[in-house]
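Contents: one structure, followed by commentary.
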Amino acid sequence: MSDAQQRQLFTSLYDTYQAMVVQLCTGFMNGDKNLANDLRQEIFINTWKALPGYRGEAAYKTWIYRIAVNTCLQYLRKEKGKKKVTSEALENYQADDTTASANENYTTLYRAIGALNSVDRLVIMMVLDELEYEDISKVIGISEVNLRVKIHRIKQRLKKIMAHEQ
Amino acid sequence: MDELKKLWNNAKQSAPASAITAPLILQAAAKRKSSVYFQYSNIFILAVVALVLWLFFYRLYPLASLLSSIGSGLMVGGLVLRICIEILSIIRSGKIHFTDSALHNTSTAVSYYRFRKTIHGPVTILIVAAYSIGYYLLMPEWSRYFPVSIMLLLCCSYPVGAIIIIKLIRKGIRKEMDDLQELVKLQNDIKEEAD
């Protein structure tokens, strides 16, 4: 792949999947837009670096999800102690935008997702994004059967958290 | 769940759009460069030290006694062993790919950090001990060329330097061991339902 082709492909991937990535990052970072933006950059930097190695074995969406999930998990480890994702993040999220009622809903959503552990958080976000279970199992690296059990438990946890919130 | 999905999709649509990819590409190139520099700078420094020691002991001022030769051999040998380990570490860390599944990526990282743990334990102790013993084995021969004051300085300053270096190494080890613990926990979280 020539440099120009790589740039063209990267721009097209960025345009197609950046909303998906931003949403994943925002959910992962409890709604903190600044941290989510850092993470989004990190994910696309890793995507650019990995692009020459893309062999077409998975769809671009699944492939980017793999990079995004691994980057999120690594980011949390790397940034531990530097910046902390706190409940302040959610307050900032509310203060940032003008549409208060919509934000209140998003805040509840991010708060509930944020109460899960990092892996469960990523799994449920892929479910919410309507990624096929087969693809999610490929991204996470566990069998589809185990994934279904996992998702079932996450949904139960999420229900409990949401009930507690209300 | 359907309500959550709807909310999720609405939130996605409100995500800010940006199509500027050029700065990201530049950042990626700069990051790759700095990561390569970081990985190889350690090896470069160790290699320069080993080369200077080798030139000093074997070319400029060849040592006369067997004890000193063993000492210099231990010092240079310890450094060469460390360089080999650093190269091996780079090769192993290169096997961690972001495009692998989360479980595979985490497992490879765990295996890498376990390898580092082995190095940090017995191997590092062995290298530091070899280097220190080697250094003090040079003292009998050096005492023939240097006055007592210089000899005292050489003998007393080494532990100070060694303590500083050991503290720095320990700090790095602690950080890597924390990473290992986190990774093992992550691995268990991923495999939670698989067991």
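Order determines the names: the first chain of the structure tokens is A, the second B, and so forth; residues in each chain are numbered 1 upward, and ligands are numbered 1 upward as they are shown.
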>> Among chain A, which residues does DSSP mark as alpha helix (DSSP H) when it is run on the backbone? Keep the chain and numbering as in the structure and answer as a ChimeraX atom specification.
In response: /A:3-28,33-50,60-79,87-96,100-114,118-128,133-140,144-165
> Counting only C-alpha atoms, which residues from chain A have an atom at most 6 Å from any atom of chain B, and could you show them as a VMD selection string?
Replying inline: chain A and resid 23 45 66 to 67 70 128 139 to 141 146 150
>> as a ChimeraX atom specification, please: the residues near A:Phe10 (cut-off 9 Å, only C-alpha atoms, same-chain neighbours under 6 positions excluded).
In response: /A:44,47-48,51 /B:21
So that I can check the surroundings of stretch 87-91 of chain B, please list as a short mmCIF file (atom, residue, chain, number, x, y, z; two decimals) with C-alpha atoms, in the first residue's frame every protein, DNA and RNA residue that reaches within 12 Å of it, counting only C-alpha atoms and ignoring chain neighbours fewer than 6 positions away.
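Contents of the output file part_32.cif:
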```cif
data_model
loop_
_atom_site.label_atom_id
_atom_site.label_comp_id
_atom_site.auth_asym_id
_atom_site.auth_seq_id
_atom_site.Cartn_x
_atom_site.Cartn_y
_atom_site.Cartn_z
CA SER B 35 8.92 4.89 21.11
CA VAL B 36 11.80 3.52 19.00
CA TYR B 37 14.19 6.08 20.55
CA PHE B 38 13.02 5.16 24.05
CA GLN B 39 13.44 1.42 23.47
CA TYR B 40 16.86 1.71 21.89
CA SER B 41 18.29 4.53 24.02
CA ASN B 42 18.68 2.15 26.96
CA ILE B 43 20.56 -0.34 24.81
CA PHE B 44 22.65 2.44 23.31
CA LEU B 46 24.55 0.28 28.02
CA ALA B 47 26.48 -0.49 24.82
CA VAL B 80 26.57 -7.46 27.67
CA LEU B 81 24.10 -9.83 29.35
CA ALA B 109 1.23 -8.66 27.61
CA SER B 111 3.59 -13.24 29.27
CA TYR B 112 5.85 -10.27 28.46
CA TYR B 113 5.58 -8.85 31.99
CA ARG B 114 6.17 -12.32 33.51
CA PHE B 115 9.36 -12.49 31.45
CA ARG B 116 10.31 -9.05 32.80
CA LYS B 117 9.52 -10.25 36.33
CA THR B 118 12.00 -13.13 35.90
CA ILE B 119 14.61 -10.68 34.64
CA HIS B 120 14.02 -8.24 37.45
#
```
>> Ranking A:Pro52, A:Val21, A:Lys78, A:Phe28 by minimum distance to A:Ser2 and counting only C-alpha atoms, which one comes first?
In response: A:Pro52
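Nearest residue to A:Leu109 among A:Ser137, A:Gln5, A:Ser12, A:Asn30 is A:Asn30, counting only C-alpha atoms.
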> At what distance in Å, to one decimal, does atom CA of B:Val76 lie from atom CA of B:Leu53?
Replying inline: 6.8 Å
> If you count only C-alpha atoms, which residues fall within 10 Å of A:Leu13, apart from same-chain ones fewer than 4 positions away, as a count of residues only?
Replying inline: 11
>> I'd like to know which of A:Gly56, A:Ala36, A:Leu73, A:Gly31 is closest to A:Tyr106, using only C-alpha atoms.
In response: A:Gly31
